[in-house]
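Structure first, then comments.
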Amino acid sequence: SFQKAVAKRGVLETVKSLAQYKDLRIDGKLIGTDALGNKYYEDPLAISGRERWVEMNRNHGLFHKEPTQISPEWHGWLHHIHDTPPEKRVHPEYEPHDGT
């Protein structure tokens with residue numbers, strides 16, 4: 001509800017969220033933040049296809065959003081290509097090799 005969102009995030013952040021998503025997303029868990037300051041959330045109880053989202057870093061104005069600023073790694077997580085967020089994913093090609 002709007003009141004729950006305002007109580008949790010404040011009026012300004014609630015209005016920003018409504019402007020960006022046309023929805024109140026308040027129950028998500030912060031999964032990670034990328035180098036640009038974008039924040040990635042997940043709510044497993046949300047409707048399928050709407051359970052992962054990004055809140056773009058708004059350094060460019062109140063309602064600015066630029067989806068091209070999402071890295072390929074986070075894009076893969078948002079669209080269920082990867083179940084593990086980039087910050088927690090192990091890349092075997094970068095593991096030290098013991099020479100055997």
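By convention here, the chains of the structure tokens are called A, B, ... in the order presented, each chain's residues are numbered starting at 1, and ligands are numbered starting at 1 in the order presented.
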(request) Write out as a PyMOL selection string the residues lying within 7 Å of Glu55 in chain A, counting only C-alpha atoms and excluding same-chain residues fewer than 3 positions away. (result) chain A and resi 38-40
Looking only at the backbone, which of the residues in range 37-89 of chain A does DSSP tag as alpha helix (DSSP H), as a PDB file with all heavy atoms, in the first residue's frame?
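Listed below is the output, result02.pdb:
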```
ATOM      1  N   PRO A  72      26.016  -6.397 -18.514  1.00  0.00           N
ATOM      2  CA  PRO A  72      25.531  -7.689 -19.022  1.00  0.00           C
ATOM      3  C   PRO A  72      25.353  -8.732 -17.920  1.00  0.00           C
ATOM      4  O   PRO A  72      24.431  -9.537 -17.960  1.00  0.00           O
ATOM      5  CB  PRO A  72      26.615  -8.119 -20.007  1.00  0.00           C
ATOM      6  CG  PRO A  72      27.279  -6.858 -20.423  1.00  0.00           C
ATOM      7  CD  PRO A  72      27.206  -5.937 -19.225  1.00  0.00           C
ATOM      8  N   GLU A  73      26.226  -8.698 -16.919  1.00  0.00           N
ATOM      9  CA  GLU A  73      26.130  -9.667 -15.819  1.00  0.00           C
ATOM     10  C   GLU A  73      24.838  -9.480 -15.032  1.00  0.00           C
ATOM     11  O   GLU A  73      24.135 -10.445 -14.718  1.00  0.00           O
ATOM     12  CB  GLU A  73      27.336  -9.533 -14.877  1.00  0.00           C
ATOM     13  CG  GLU A  73      28.643  -9.892 -15.512  1.00  0.00           C
ATOM     14  CD  GLU A  73      29.252  -8.763 -16.341  1.00  0.00           C
ATOM     15  OE1 GLU A  73      28.798  -7.607 -16.242  1.00  0.00           O
ATOM     16  OE2 GLU A  73      30.193  -9.061 -17.104  1.00  0.00           O
ATOM     17  N   TRP A  74      24.508  -8.234 -14.707  1.00  0.00           N
ATOM     18  CA  TRP A  74      23.273  -7.971 -13.973  1.00  0.00           C
ATOM     19  C   TRP A  74      22.052  -8.167 -14.864  1.00  0.00           C
ATOM     20  O   TRP A  74      20.996  -8.605 -14.401  1.00  0.00           O
ATOM     21  CB  TRP A  74      23.285  -6.571 -13.358  1.00  0.00           C
ATOM     22  CG  TRP A  74      24.037  -6.543 -12.066  1.00  0.00           C
ATOM     23  CD1 TRP A  74      25.270  -5.998 -11.844  1.00  0.00           C
ATOM     24  CD2 TRP A  74      23.620  -7.104 -10.811  1.00  0.00           C
ATOM     25  NE1 TRP A  74      25.634  -6.187 -10.541  1.00  0.00           N
ATOM     26  CE2 TRP A  74      24.635  -6.860  -9.879  1.00  0.00           C
ATOM     27  CE3 TRP A  74      22.482  -7.787 -10.397  1.00  0.00           C
ATOM     28  CZ2 TRP A  74      24.560  -7.269  -8.554  1.00  0.00           C
ATOM     29  CZ3 TRP A  74      22.401  -8.196  -9.074  1.00  0.00           C
ATOM     30  CH2 TRP A  74      23.430  -7.947  -8.165  1.00  0.00           C
ATOM     31  N   HIS A  75      22.164  -7.852 -16.132  1.00  0.00           N
ATOM     32  CA  HIS A  75      21.071  -8.099 -17.066  1.00  0.00           C
ATOM     33  C   HIS A  75      20.716  -9.583 -17.067  1.00  0.00           C
ATOM     34  O   HIS A  75      19.542  -9.956 -17.037  1.00  0.00           O
ATOM     35  CB  HIS A  75      21.459  -7.637 -18.476  1.00  0.00           C
ATOM     36  CG  HIS A  75      20.389  -7.894 -19.490  1.00  0.00           C
ATOM     37  ND1 HIS A  75      20.320  -9.066 -20.206  1.00  0.00           N
ATOM     38  CD2 HIS A  75      19.341  -7.141 -19.896  1.00  0.00           C
ATOM     39  CE1 HIS A  75      19.260  -9.020 -21.008  1.00  0.00           C
ATOM     40  NE2 HIS A  75      18.658  -7.866 -20.841  1.00  0.00           N
ATOM     41  N   GLY A  76      21.743 -10.439 -17.085  1.00  0.00           N
ATOM     42  CA  GLY A  76      21.517 -11.884 -17.048  1.00  0.00           C
ATOM     43  C   GLY A  76      20.795 -12.315 -15.787  1.00  0.00           C
ATOM     44  O   GLY A  76      19.913 -13.179 -15.824  1.00  0.00           O
ATOM     45  N   TRP A  77      21.125 -11.714 -14.662  1.00  0.00           N
ATOM     46  CA  TRP A  77      20.446 -12.062 -13.411  1.00  0.00           C
ATOM     47  C   TRP A  77      18.996 -11.559 -13.436  1.00  0.00           C
ATOM     48  O   TRP A  77      18.081 -12.295 -13.061  1.00  0.00           O
ATOM     49  CB  TRP A  77      21.197 -11.466 -12.218  1.00  0.00           C
ATOM     50  CG  TRP A  77      20.517 -11.764 -10.921  1.00  0.00           C
ATOM     51  CD1 TRP A  77      20.592 -12.924 -10.206  1.00  0.00           C
ATOM     52  CD2 TRP A  77      19.635 -10.906 -10.201  1.00  0.00           C
ATOM     53  NE1 TRP A  77      19.804 -12.830  -9.090  1.00  0.00           N
ATOM     54  CE2 TRP A  77      19.207 -11.593  -9.060  1.00  0.00           C
ATOM     55  CE3 TRP A  77      19.165  -9.609 -10.417  1.00  0.00           C
ATOM     56  CZ2 TRP A  77      18.341 -11.040  -8.131  1.00  0.00           C
ATOM     57  CZ3 TRP A  77      18.295  -9.059  -9.491  1.00  0.00           C
ATOM     58  CH2 TRP A  77      17.894  -9.777  -8.356  1.00  0.00           C
ATOM     59  N   LEU A  78      18.785 -10.328 -13.888  1.00  0.00           N
ATOM     60  CA  LEU A  78      17.431  -9.769 -13.934  1.00  0.00           C
ATOM     61  C   LEU A  78      16.483 -10.617 -14.774  1.00  0.00           C
ATOM     62  O   LEU A  78      15.303 -10.749 -14.450  1.00  0.00           O
ATOM     63  CB  LEU A  78      17.454  -8.349 -14.515  1.00  0.00           C
ATOM     64  CG  LEU A  78      17.921  -7.233 -13.599  1.00  0.00           C
ATOM     65  CD1 LEU A  78      18.107  -5.955 -14.399  1.00  0.00           C
ATOM     66  CD2 LEU A  78      16.948  -7.017 -12.464  1.00  0.00           C
TER      67      LEU A  78
END
```
(request) Quick one: everything within 7 Å of range 51-53 of chain A, counting only C-alpha atoms, minus sequence neighbours fewer than 3 positions away in the same chain. Send it as an NGL selection string. (result) :A and (40-44 or 46-48 or 78)
(request) Select, from A:Met56, A:Asp27, A:Pro67, A:Asp83, the residue with the minimum atom-to-atom distance to Arg9 in chain A, counting only C-alpha atoms. (result) A:Asp27
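Shortest separation to Asn59 in chain A among A:Leu18, A:Leu45, A:Ala7, A:Leu36 occurs at residue A:Leu36, atoms counted being only C-alpha atoms.
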(request) Just give me the gap between CA of Glu13 in chain A and CA of His79 in chain A in Å, one decimal is fine. (result) 24.6 Å
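Rounded to one decimal, CA of Gly37 in chain A and CA of Val54 in chain A lie 10.4 Å from each other.
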